[in-house]
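Asks: Let me begin by handing over the structure; questions about it come next.
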Amino acid sequence: MSKPSTLGGACIIASVCVGAGMLGLPSAGAGAWTLWTVLAISVTMVMMTLSGWLLLEALKHYEFKVSFNTITKDVLKGKVNLINNLSLYFVGGILLYAYISSSGMIFGGLLDINAKLASVLFVIASSVFVLHSTRAVDRISVLLILFMIISFVIGISGLATNIQLPTLLDSIDSQADLSPYALAILPVALTSFGYHHSVSTMRDYYRDENRAKNAILGGTLIALTFYVIWVVCIFGNLPRTQFGPIVAAGGSVDALMTALGGVVNSNSVKQALNIFSIAAVVSSFIGVGLGVFDYLADLFGFEDTKQGRFKAWGVTFIPPLVFSLFAPFGFVAAIGLAGAAATIWTCIIPALLAKKLRQRQPELQGFVVPGGNVTVYAVMIFGVLTACFHLLAMADVLPILKG
């Protein structure tokens, strides 16, 4: 069998990220607008890449199939591991739940069927790649990323040629201080780079920490490129004052696409944007599903057999599907809620694991993240502050744009 490509792994990482970010960031960043949103997601990309590398460094001391549960239990012990497991499953579950709910509305409208039936069919058709193998997810992720790039270029071309500089820079309300709004973006931005449940999958896939590191960096760079172009084009077309109805609708895909349809005249551009949003939801669902699947297989000790993979499939996909059928939830609200919990296992736990294992084995052989303890503490502080910002926004201490 040929060696897996770095591009394939990068596409898996990018596909995990892009769905949440592309569909959640415009509404979350509407308060801070263009410059502060771009700055927030760029800083988040750097910190989340480093935190993923710290987790990869910690995993090098263990067998390739080992995931979060085993390493956290060994290094940080039971109570911390319980908190980490709960937060990781909560975030993975709520992301799958958000994608399933969105897919039900999208495919229900396209196929003219009940949204709940569309959600069930979507889960069955998409999760089969996860059930089969990581290689299958690799192949479909590359294909979906290509679909996303083509539809993105067609859709963005229509938006890019229509960008209005006063709208992009919010010149109408130029006296307003938008910087406080940037702090409330960070939980959504963090979730938009929340690929960490796939780190052990990448390491096991390549059997080489350095190749996994390159795939992670490639994936986060692809995601950042998409995000920056996307928010610039949207904020250059839709005035800040028009985001109220989108935010009031929970930042749903339909509301965003409807608003964009009002400023783009070309049918081909509208169709390309719809195809892009569909590909983003599908790719993220599959990517997140793979990470949660491997994590739960490690947690419950399921073997890598047909029976074991069916068990892992069941505990991964059935609970979020059931919740999405009975209690649909606002997309951005779900992503923001996930971001607050995700700080535990995307920033704080990876930093603690790397620090403890460096103390346990101070010779620092093999893959080591550059920056020493400065990187460890920076990632940890970033995670703590992001969680605090989310709580402050929920308490209305930090300003957020409301519908």
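Residues in the structure tokens are named by chain (A, B, ... in the order shown) and by number from 1 within that chain; ligands are numbered from 1 in the order shown.
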Which neighbours of stretch 23-31 of chain A fall inside 7 Å, counting only C-alpha atoms, when residues of the same chain fewer than 5 positions from it are skipped, and could you give them as a ChimeraX atom specification?

Replies: /A:37,178,181,185,188-189,231,240,243,246-247,251,253,332,400-401

Asks: Any idea what's packed within 10 Å of A:Lys213, counting only C-alpha atoms, ignoring anything in its chain fewer than 2 positions away? Could you give it as a list in words?

Replies: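 Skipping anything fewer than 2 positions along the chain leaves Thr6, Gly9, Ala10, Thr49, Leu50, Gly52, Trp53, Leu54, Leu56, Glu57, Val199, Met202, Arg203, Asp208, Glu209, Asn210, Arg211, Ala215, Ile216, Leu217, Gly218, Gly219, Phe367 and Val369 of chain A.
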
Asks: I'd like to know which residues of stretch 147-344 of chain A are helix (DSSP H, G or I) (by DSSP, run on the backbone); could you write them as a PyMOL selection string?

Replies: chain A and resi 147-160+165-168+171-173+179-191+196-206+209-235+240-248+253-261+267-300+306-326+331-344

Asks: What's around stretch 286-289 of chain A at 7 Å? Count only C-alpha atoms, leave out sequence neighbours fewer than 4 positions away in its own chain, and write the answer as a PyMOL selection string.

Replies: chain A and resi 12+15-16+92+126-127+130+282+293+316

Asks: Could you list, as a ChimeraX atom specification, every residue within 9 Å of A:Ile145, counting only C-alpha atoms and ignoring same-chain residues fewer than 4 positions away?

Replies: /A:11-12,14-15,140-141,149-150,279-280,283

Asks: Just checking: using only C-alpha atoms, which residue out of A:Ser200, A:Gly236, A:Tyr295, A:His61 ends up closest to A:Gln361?

Replies: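 Closest candidate: A:His61.
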
Asks: Per residue of stretch 38-102 of chain A within 7 Å of stretch 319-322 of chain A, record the nearest atom pair and its distance in Å to one decimal, counting only C-alpha atoms, with rows in chain order and ascending residue number, as JSON lines.

Replies:
{"residue": "A:Gly93", "atom": "CA", "partner": "A:Pro320", "partner_atom": "CA", "distance": 5.7}
{"residue": "A:Ile94", "atom": "CA", "partner": "A:Pro320", "partner_atom": "CA", "distance": 6.9}
{"residue": "A:Leu96", "atom": "CA", "partner": "A:Pro320", "partner_atom": "CA", "distance": 6.1}
{"residue": "A:Tyr97", "atom": "CA", "partner": "A:Pro320", "partner_atom": "CA", "distance": 4.7}
{"residue": "A:Ile100", "atom": "CA", "partner": "A:Leu321", "partner_atom": "CA", "distance": 6.6}

Asks: Limited to C-alpha atoms, could you put the picked residues into a file as an mmCIF file, in the first residue's frame?

Replies:
data_model
loop_
_atom_site.group_PDB
_atom_site.id
_atom_site.type_symbol
_atom_site.label_atom_id
_atom_site.label_comp_id
_atom_site.auth_asym_id
_atom_site.auth_seq_id
_atom_site.Cartn_x
_atom_site.Cartn_y
_atom_site.Cartn_z
ATOM 1 C CA GLY A 93 -21.246 15.663 20.038
ATOM 2 C CA ILE A 94 -22.513 19.238 19.812
ATOM 3 C CA LEU A 96 -22.015 16.693 15.023
ATOM 4 C CA TYR A 97 -25.420 17.777 16.318
ATOM 5 C CA ILE A 100 -26.803 17.198 11.397
#

Asks: Tell me, as a list of chain:residue names, which residues lie within 12 Å of A:Gln271, counting only C-alpha atoms; anything in the same chain fewer than 2 positions away does not count.

Replies: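 Within the cut-off, the hits are A:Leu110, A:Ile150, A:Ser151, A:Phe152, A:Ile154, A:Gly155, A:Ile156, A:Gly158, A:Met257, A:Thr258, A:Leu260, A:Gly261, A:Val264, A:Asn265, A:Ser266, A:Asn267, A:Ser268, A:Val269, A:Leu273, A:Asn274, A:Ile275, A:Phe276, A:Ser277, A:Ile278.
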
Asks: Take the selection from the previous step and output its residues with N, CA and C atoms, as a CSV table (one decimal), in the first residue's frame.

Replies:
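Full text of again_11.csv as output:
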chain,number,residue,atom,x,y,z
A,110,LEU,N,-33.6,20.8,-0.6
A,110,LEU,CA,-33.1,20.4,-1.9
A,110,LEU,C,-33.9,19.2,-2.4
A,150,ILE,N,-13.5,24.8,-5.8
A,150,ILE,CA,-14.1,25.2,-7.0
A,150,ILE,C,-15.3,26.1,-6.8
A,151,SER,N,-16.2,25.6,-5.9
A,151,SER,CA,-17.4,26.4,-5.7
A,151,SER,C,-17.1,27.7,-4.9
A,152,PHE,N,-16.1,27.6,-4.1
A,152,PHE,CA,-15.6,28.8,-3.3
A,152,PHE,C,-15.1,29.9,-4.3
A,154,ILE,N,-15.8,30.2,-7.5
A,154,ILE,CA,-16.9,30.7,-8.3
A,154,ILE,C,-17.8,31.7,-7.5
A,155,GLY,N,-18.1,31.2,-6.3
A,155,GLY,CA,-19.0,32.1,-5.4
A,155,GLY,C,-18.3,33.3,-5.0
A,156,ILE,N,-17.0,33.2,-4.6
A,156,ILE,CA,-16.3,34.4,-4.1
A,156,ILE,C,-16.0,35.4,-5.2
A,158,GLY,N,-18.0,36.3,-7.5
A,158,GLY,CA,-19.1,37.2,-7.6
A,158,GLY,C,-19.2,38.2,-6.4
A,257,MET,N,-27.1,32.4,3.6
A,257,MET,CA,-27.2,32.2,2.2
A,257,MET,C,-28.3,33.1,1.6
A,258,THR,N,-29.5,33.3,2.3
A,258,THR,CA,-30.5,34.2,1.9
A,258,THR,C,-30.1,35.6,1.8
A,260,LEU,N,-27.0,36.7,1.5
A,260,LEU,CA,-26.0,36.8,0.4
A,260,LEU,C,-26.7,36.8,-1.0
A,261,GLY,N,-27.8,36.0,-1.1
A,261,GLY,CA,-28.6,36.0,-2.3
A,261,GLY,C,-29.2,37.4,-2.6
A,264,VAL,N,-26.2,39.3,-4.4
A,264,VAL,CA,-25.5,38.7,-5.5
A,264,VAL,C,-26.6,38.4,-6.6
A,265,ASN,N,-26.4,39.0,-7.8
A,265,ASN,CA,-27.4,38.8,-8.8
A,265,ASN,C,-27.3,37.6,-9.7
A,266,SER,N,-26.1,37.0,-9.8
A,266,SER,CA,-25.8,35.9,-10.6
A,266,SER,C,-26.3,34.6,-10.0
A,267,ASN,N,-27.2,33.9,-10.8
A,267,ASN,CA,-27.7,32.6,-10.3
A,267,ASN,C,-26.5,31.6,-10.1
A,268,SER,N,-25.5,31.6,-11.0
A,268,SER,CA,-24.4,30.7,-10.9
A,268,SER,C,-23.6,30.9,-9.6
A,269,VAL,N,-23.5,32.2,-9.2
A,269,VAL,CA,-22.8,32.5,-8.0
A,269,VAL,C,-23.6,32.0,-6.8
A,273,LEU,N,-22.3,29.2,-4.1
A,273,LEU,CA,-22.3,29.4,-2.6
A,273,LEU,C,-23.1,28.3,-1.9
A,274,ASN,N,-24.2,27.9,-2.5
A,274,ASN,CA,-25.0,26.9,-1.8
A,274,ASN,C,-24.2,25.5,-1.9
A,275,ILE,N,-23.6,25.2,-3.0
A,275,ILE,CA,-22.8,24.0,-3.1
A,275,ILE,C,-21.6,24.0,-2.1
A,276,PHE,N,-21.0,25.2,-2.0
A,276,PHE,CA,-19.9,25.4,-1.0
A,276,PHE,C,-20.4,25.1,0.4
A,277,SER,N,-21.5,25.7,0.8
A,277,SER,CA,-22.0,25.5,2.2
A,277,SER,C,-22.3,24.0,2.4
A,278,ILE,N,-22.9,23.4,1.4
A,278,ILE,CA,-23.2,21.9,1.6
A,278,ILE,C,-21.9,21.1,1.8

Asks: Tell me which of A:Lys79, A:Val374, A:Pro187, A:Thr346 sits closest to A:His390, counting only C-alpha atoms.

Replies: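 Closest residue, counting only C-alpha atoms: A:Pro187.
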
Asks: Please identify all polymer residues within 9 Å of A:Ile41, counting only C-alpha atoms, omitting same-chain residues fewer than 4 positions from it, and present them as a PyMOL selection string.

Replies: chain A and resi 25+36-37+45-46+185-186+189-190+192-193+224+227-228

Asks: How would the residues just chosen look if you wrote them out with C-alpha atoms as a PDB file, in the first residue's frame?

Replies:
ATOM      1  CA  LEU A  25     -17.468  33.152  11.868  1.00  0.00           C
ATOM      2  CA  TRP A  36     -10.633  42.627  14.327  1.00  0.00           C
ATOM      3  CA  THR A  37     -12.183  39.385  13.058  1.00  0.00           C
ATOM      4  CA  MET A  45      -4.846  29.683  14.148  1.00  0.00           C
ATOM      5  CA  VAL A  46      -1.292  30.090  15.478  1.00  0.00           C
ATOM      6  CA  ILE A 185     -15.273  35.965  18.682  1.00  0.00           C
ATOM      7  CA  LEU A 186     -12.518  33.845  20.216  1.00  0.00           C
ATOM      8  CA  ALA A 189     -12.698  31.030  16.310  1.00  0.00           C
ATOM      9  CA  LEU A 190     -11.236  28.392  18.649  1.00  0.00           C
ATOM     10  CA  SER A 192     -13.157  26.777  14.003  1.00  0.00           C
ATOM     11  CA  PHE A 193      -9.689  25.274  14.531  1.00  0.00           C
ATOM     12  CA  LEU A 224      -7.200  30.161   7.681  1.00  0.00           C
ATOM     13  CA  TYR A 227     -11.687  32.039   6.558  1.00  0.00           C
ATOM     14  CA  VAL A 228      -9.906  35.293   5.720  1.00  0.00           C
TER      15      VAL A 228
END

Asks: A:Cys17, A:Val75, A:Leu183, A:Leu35: which is nearest A:Arg360, counting only C-alpha atoms?

Replies: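 Of the candidates, the smallest distance to A:Arg360 is held by A:Val75.
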
Asks: Kindly indicate which residue among A:Gln365, A:Thr134, A:Ser157, A:Thr305 lies nearest to A:Leu290, using only C-alpha atoms for the distances.

Replies: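 Selected residue with least distance to A:Leu290: A:Thr134.
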